[in-house]
file entry39.txt (compact mmCIF, C-alpha atoms)
# COMPACT_ATOMS: atom_id res chain seq x y z
CA LYS A 1204 95.13 96.24 128.26
CA LEU A 1205 96.98 97.30 125.09
CA SER A 1206 95.48 94.33 123.26
CA MET A 1207 91.99 95.80 123.67
CA TYR A 1208 92.95 98.76 121.46
CA ILE A 1209 93.73 96.20 118.74
CA LEU A 1210 90.99 93.63 119.33
CA ILE A 1211 88.06 96.08 119.39
CA PRO A 1212 88.79 97.58 115.92
CA PHE A 1213 89.52 94.07 114.62
CA VAL A 1214 86.10 92.81 115.73
CA LEU A 1215 84.30 95.86 114.27
CA ILE A 1216 86.10 95.59 110.91
CA ALA A 1217 85.57 91.82 110.73
CA LYS A 1218 81.83 92.36 111.31
CA GLU A 1219 81.50 94.67 108.28
CA PRO A 1220 82.50 92.00 106.96
CA ASP A 1221 86.13 92.61 105.97
CA LEU A 1222 88.11 89.84 107.60
CA GLY A 1223 91.19 90.41 105.45
CA THR A 1224 91.71 94.02 106.56
CA GLY A 1225 90.85 93.04 110.12
CA LEU A 1226 93.54 90.37 110.16
CA VAL A 1227 96.09 92.83 108.77
CA LEU A 1228 95.20 95.25 111.57
CA LEU A 1229 95.48 92.44 114.11
CA LEU A 1230 98.88 91.25 112.87
CA THR A 1231 100.25 94.78 112.57
CA GLY A 1232 99.04 95.72 116.03
CA PHE A 1233 100.58 92.70 117.69
CA GLY A 1234 103.72 93.23 115.61
CA VAL A 1235 104.03 96.70 117.12
CA LEU A 1236 103.51 95.21 120.58
CA PHE A 1237 106.33 92.78 119.84
CA ILE A 1238 108.57 95.71 118.90
CA ILE A 1239 107.63 97.52 122.12
CA GLY A 1240 108.58 94.43 124.11
CA ILE A 1241 105.71 92.43 125.59
CA GLN A 1242 106.53 89.72 128.13
CA THR A 1243 106.92 86.18 126.79
CA ARG A 1244 104.20 84.74 129.04
CA ILE A 1245 101.68 87.16 127.54
CA TRP A 1246 102.57 86.02 124.02
CA LEU A 1247 102.26 82.38 125.04
CA GLY A 1248 98.86 83.08 126.58
CA LEU A 1249 97.62 84.82 123.43
CA ILE A 1250 98.86 81.98 121.19
CA ILE A 1251 97.17 79.36 123.37
CA ILE A 1252 93.89 81.31 123.46
CA LEU A 1253 93.87 81.81 119.69
CA GLY A 1254 94.73 78.15 119.10
CA LEU A 1255 91.87 76.96 121.28
CA ALA A 1256 89.43 79.47 119.81
CA ALA A 1257 90.35 78.78 116.15
CA PRO A 1258 87.85 75.88 115.63
CA VAL A 1259 85.03 77.89 117.21
CA ILE A 1260 85.89 80.95 115.11
CA TYR A 1261 85.96 78.87 111.92
CA THR A 1262 82.65 77.14 112.69
CA HIS A 1263 80.60 80.05 113.99
CA GLY A 1264 82.56 83.19 113.08
CA LEU A 1265 83.21 82.79 109.36
CA LYS A 1266 80.60 83.36 106.68
CA PRO A 1267 80.00 80.69 103.99
CA TYR A 1268 82.04 82.49 101.31
CA GLN A 1269 84.95 82.88 103.74
CA LYS A 1270 84.85 79.16 104.50
CA GLN A 1271 84.81 78.50 100.76
CA ARG A 1272 87.98 80.55 100.36
CA VAL A 1273 89.70 78.43 102.99
CA ALA A 1274 88.44 75.25 101.29
CA ASP A 1275 89.72 76.47 97.92
CA PHE A 1276 93.10 77.19 99.45
CA LEU A 1277 93.36 73.74 101.04
CA GLY A 1278 91.88 71.92 98.03
CA LYS A 1279 91.55 72.72 94.34
CA PRO A 1280 92.46 76.34 93.50
CA SER A 1281 89.58 78.65 92.66
CA TYR A 1282 88.99 80.12 89.20
CA HIS A 1283 90.74 83.36 90.19
CA VAL A 1284 93.89 81.59 91.33
CA GLN A 1285 93.95 79.30 88.28
CA GLN A 1286 93.78 82.24 85.89
CA SER A 1287 96.39 84.06 87.96
CA LEU A 1288 98.82 81.13 87.69
CA ILE A 1289 98.20 80.91 83.94
CA ALA A 1290 98.95 84.63 83.56
CA ILE A 1291 102.17 84.38 85.57
CA GLY A 1292 103.31 81.27 83.73
CA SER A 1293 102.55 82.70 80.29
CA GLY A 1294 104.69 85.76 81.00
CA GLY A 1295 107.87 83.69 80.90
CA MET A 1296 111.16 85.40 81.66
CA ASN A 1297 110.66 88.83 80.07
CA GLY A 1298 106.88 89.11 79.73
CA LYS A 1299 104.63 89.96 76.79
CA ASN A 1300 103.54 93.01 74.87
CA GLN A 1301 100.25 94.52 75.94
CA GLU A 1302 98.49 93.16 72.85
CA ASP A 1303 99.78 89.63 73.51
CA ALA A 1304 98.79 89.55 77.20
CA THR A 1305 95.70 87.46 76.53
CA GLN A 1306 94.81 86.77 80.17
CA THR A 1307 94.39 90.48 80.77
CA GLN A 1308 93.21 91.66 77.36
CA LEU A 1309 90.53 88.95 77.07
CA LYS A 1310 89.42 89.45 80.70
CA PHE A 1311 90.29 85.92 81.80
CA LEU A 1312 92.18 87.34 84.79
CA PRO A 1313 89.65 88.89 87.21
CA VAL A 1314 90.37 92.20 88.97
CA SER A 1315 93.76 92.46 87.28
CA SER A 1316 94.18 96.08 88.34
CA THR A 1317 93.54 95.55 92.05
CA ASP A 1318 93.80 92.28 93.98
CA PHE A 1319 95.57 90.33 91.20
CA ILE A 1320 97.77 93.08 89.84
CA PHE A 1321 100.88 91.02 90.65
CA ALA A 1322 99.68 88.38 88.18
CA TYR A 1323 99.26 91.15 85.60
CA LEU A 1324 102.83 92.28 86.27
CA GLY A 1325 103.96 88.68 85.80
CA GLU A 1326 102.22 88.39 82.44
CA ARG A 1327 103.38 91.78 81.15
CA PHE A 1328 106.92 91.90 82.53
CA GLY A 1329 107.68 88.27 83.24
CA PHE A 1330 109.87 86.78 85.93
CA VAL A 1331 112.25 89.73 85.73
CA GLY A 1332 109.44 92.19 86.43
CA MET A 1333 108.14 90.19 89.40
CA ILE A 1334 111.60 89.88 90.96
CA GLY A 1335 112.17 93.59 90.36
CA THR A 1336 108.90 94.45 92.11
CA ILE A 1337 109.76 92.27 95.11
CA ALA A 1338 113.24 93.83 95.21
CA LEU A 1339 111.75 97.34 95.34
CA TYR A 1340 109.57 96.35 98.29
CA ALA A 1341 112.54 94.70 100.01
CA ILE A 1342 114.66 97.84 99.62
CA PHE A 1343 111.85 100.00 100.97
CA ILE A 1344 111.19 97.73 103.97
CA ILE A 1345 114.91 97.52 104.77
CA HIS A 1346 115.10 101.32 104.59
CA LEU A 1347 112.25 101.64 107.09
CA LEU A 1348 113.98 99.19 109.43
CA GLN A 1349 117.21 101.19 109.11
CA ILE A 1350 115.30 104.32 110.12
CA ALA A 1351 113.99 102.44 113.15
CA MET A 1352 117.45 101.17 114.13
CA THR A 1353 119.21 104.51 113.67
CA ASN A 1354 116.63 106.47 115.70
CA THR A 1355 116.77 104.50 118.93
CA LYS A 1356 116.69 107.69 121.02
CA ASP A 1357 113.34 108.66 119.54
CA TYR A 1358 111.11 105.81 120.64
CA PHE A 1359 108.08 106.97 118.68
CA VAL A 1360 110.00 107.14 115.39
CA LYS A 1361 111.43 103.69 116.06
CA VAL A 1362 108.03 102.12 116.71
CA PHE A 1363 106.27 103.96 113.86
CA ALA A 1364 108.91 103.09 111.24
CA SER A 1365 108.99 99.46 112.38
CA GLY A 1366 105.20 99.30 112.27
CA MET A 1367 105.15 100.71 108.73
CA ALA A 1368 107.72 98.13 107.63
CA PHE A 1369 105.64 95.37 109.19
CA LEU A 1370 102.45 96.69 107.54
CA PHE A 1371 104.03 96.84 104.07
CA PHE A 1372 105.51 93.37 104.55
CA ILE A 1373 102.10 91.89 105.44
CA TYR A 1374 100.28 93.55 102.53
CA MET A 1375 102.99 92.61 100.03
CA THR A 1376 103.39 89.04 101.25
CA VAL A 1377 99.69 88.19 101.47
CA ASN A 1378 98.89 89.75 98.09
CA ILE A 1379 101.72 87.95 96.29
CA LEU A 1380 101.10 84.62 98.01
CA MET A 1381 97.40 84.64 97.19
CA THR A 1382 98.10 85.27 93.49
CA ILE A 1383 100.29 82.15 93.32
CA GLY A 1384 97.94 79.99 95.39
CA LEU A 1385 99.94 79.91 98.63
CA ALA A 1386 97.43 81.93 100.68
CA PRO A 1387 93.62 82.26 100.74
CA VAL A 1388 92.21 84.93 98.44
CA VAL A 1389 91.47 88.10 100.41
CA GLY A 1390 90.82 91.63 99.26
CA LEU A 1391 94.21 93.10 100.10
CA PRO A 1392 95.81 95.49 97.59
CA LEU A 1393 99.46 95.48 96.58
CA PRO A 1394 100.78 98.67 98.24
CA MET A 1395 101.36 101.59 95.85
CA PHE A 1396 100.57 99.39 92.82
CA SER A 1397 96.94 98.30 93.05
CA HIS A 1398 94.36 100.63 91.53
CA GLY A 1399 92.29 102.38 94.17
CA GLY A 1400 92.46 105.73 95.86
CA THR A 1401 91.76 104.71 99.46
CA SER A 1402 94.80 102.50 100.02
CA PHE A 1403 97.07 104.93 98.18
CA ILE A 1404 95.91 107.87 100.31
CA ILE A 1405 96.34 105.88 103.53
CA PHE A 1406 99.90 104.90 102.65
CA ALA A 1407 100.64 108.47 101.56
CA VAL A 1408 99.39 109.75 104.94
CA LEU A 1409 101.66 107.24 106.70
CA PHE A 1410 104.62 108.52 104.67
CA GLY A 1411 103.73 112.08 105.60
CA ILE A 1412 103.53 111.28 109.31
CA LEU A 1413 106.90 109.52 109.20
CA GLU A 1414 108.53 112.42 107.36
CA ASN A 1415 107.14 114.84 109.94
CA LEU A 1416 108.48 112.72 112.79
CA LEU A 1417 111.91 112.59 111.17
CA ALA A 1418 111.94 116.35 110.60
CA PHE A 1419 111.38 117.10 114.31
CA ARG A 1420 113.14 114.12 115.88
CA PHE A 1421 116.02 116.02 117.53
CA TYR A 1422 114.38 119.36 118.24
CA PHE A 1423 113.66 118.85 121.93
CA MET A 1424 117.08 117.26 122.45
CA TYR A 1425 118.78 120.46 121.24
CA ASN A 1426 116.37 122.67 123.16
CA ALA A 1427 116.09 120.76 126.42
CA ASP A 1428 116.44 123.92 128.50
CA SER A 1429 113.78 125.90 126.69
CA LYS A 1430 110.08 125.54 127.24
CA VAL A 1431 108.67 125.13 123.76
CA THR A 1432 105.17 123.97 123.03
CA PHE A 1433 104.34 121.50 120.29
CA SER A 1434 102.73 124.19 118.16
CA LYS A 1435 105.95 126.27 118.18
CA ARG A 1436 108.30 123.54 117.01
CA LYS A 1437 110.43 124.36 113.98
CA PRO A 1438 112.07 121.92 111.59
CA LEU A 1439 115.82 121.40 111.83
CA VAL A 1440 116.43 121.73 108.11
CA ARG A 1441 115.73 125.20 106.83
CA SER A 1442 114.62 125.73 103.29
CA ARG A 1443 117.23 127.33 101.04
CA TYR A 1444 114.52 129.59 99.66
CA ARG A 1445 114.04 131.39 102.98

call {"tool": "encode", "arguments": {"input": "entry39.txt", "output": "structure tokens"}}
result
Amino acid sequence: KLSMYILIPFVLIAKEPDLGTGLVLLLTGFGVLFIIGIQTRIWLGLIIILGLAAPVIYTHGLKPYQKQRVADFLGKPSYHVQQSLIAIGSGGMNGKNQEDATQTQLKFLPVSSTDFIFAYLGERFGFVGMIGTIALYAIFIIHLLQIAMTNTKDYFVKVFASGMAFLFFIYMTVNILMTIGLAPVVGLPLPMFSHGGTSFIIFAVLFGILENLLAFRFYFMYNADSKVTFSKRKPLVRSRYR
């Protein structure tokens, strides 16, 4: 039953067509179900169904350009990936000055500010910059998981923080892997780095929801005897300016 709330949006998004975002939604949704604790037999059933349906989905469900992306991934890398690898390799250990970053300056690297921004970071800041970027994401994801593990009494905070960590991990991993040729090219931005207002606003809204949940997480525990409606809740931490 819970799977329907994930599968229906996935089908609608994939029909737009935006298979990349649909797959992220699918993986994140089932990741949250895993955190909630779905029975093993249900997982096995889903894996078997998806495995049997994969050939049919590939043959009749994917559009020609999507099949070409899979073929490029399994065979010779596409032009985008080739230029991305050249940009990353030319950056060396410490990167290049902006004027010397020829892959970006001469427009050899397509969409360097969005989908392939990690390749741009590799050319400009080198291996050190790429490792630093991955380290920042790792610290952030670990922090979200710590929030989930330290708020076991608030189930909603636990699930929401874990889901955010899973979402960031998927976006980061897929974007980085596709720039180095280890995943098919899909239109997934690098969270908080790629140029584009929509993804930034969505992630900012997620941060805001999490902060709100953390601000009110113990209120009803301390006021168990009082009948307080949701609209009358007050934050635990008072502002020093009051």

call {"tool": "residues_around", "arguments": {"input": "entry39.txt", "residues": "region 1267-1273 of chain A", "least_positions_apart": "3", "cutoff": "7 Å", "atoms": "only C-alpha atoms", "output": "PyMOL selection string"}}
result
chain A and resi 1276-1277+1387-1388

call {"tool": "closest_residue", "arguments": {"input": "entry39.txt", "among": "A:Met1375, A:Leu1312, A:Met1207, A:Leu1417", "to": "Gln1286 (chain A)", "atoms": "only C-alpha atoms"}}
result
A:Leu1312

call {"tool": "atom_distance", "arguments": {"input": "entry39.txt", "atom1": "CA of Phe1359 (chain A)", "atom2": "CA of Ala1338 (chain A)"}}
result
27.4 Å

call {"tool": "closest_residue", "arguments": {"input": "entry39.txt", "among": "A:Lys1310, A:Ile1342, A:Leu1413, A:Thr1305", "to": "Lys1361 (chain A)", "atoms": "all atoms listed in the file"}}
result
A:Leu1413

call {"tool": "axis_aligned_box", "arguments": {"input": "entry39.txt", "around": "region 1273-1281 of chain A", "padding_each_side": "8 Å", "output": "JSON"}}
result
{"center_x": 90.9, "center_y": 75.3, "center_z": 97.8, "size_x": 20.9, "size_y": 22.7, "size_z": 26.3}

call {"tool": "closest_residue", "arguments": {"input": "entry39.txt", "among": "A:Ala1364, A:Pro1313, A:Asn1378, A:Asn1300", "to": "Ile1412 (chain A)", "atoms": "only C-alpha atoms"}}
result
A:Ala1364

call {"tool": "closest_residue", "arguments": {"input": "entry39.txt", "among": "A:Phe1237, A:Tyr1282, A:Phe1406, A:Phe1311", "to": "Val1362 (chain A)", "atoms": "all atoms listed in the file"}}
result
A:Phe1237

call {"tool": "residues_around", "arguments": {"input": "entry39.txt", "residues": "Ile1350 (chain A)", "least_positions_apart": "2", "cutoff": "12 Å", "atoms": "all atoms listed in the file", "output": "list in words"}}
result
Phe1343, Ile1344, Ile1345, His1346, Leu1347, Leu1348, Met1352, Thr1353, Asn1354, Thr1355, Lys1356, Asp1357, Tyr1358, Phe1359, Val1360, Lys1361, Val1362, Phe1363, Ala1364, Ser1365, Gly1366, Met1367, Ala1368, Leu1413, Glu1414, Leu1416, Leu1417 and Arg1420 of chain A

call {"tool": "atom_distance", "arguments": {"input": "entry39.txt", "atom1": "CA of Ser1287 (chain A)", "atom2": "CA of Tyr1261 (chain A)"}}
result
26.6 Å

call {"tool": "atom_distance", "arguments": {"input": "entry39.txt", "atom1": "CA of Asn1297 (chain A)", "atom2": "CA of Phe1328 (chain A)"}}
result
5.4 Å
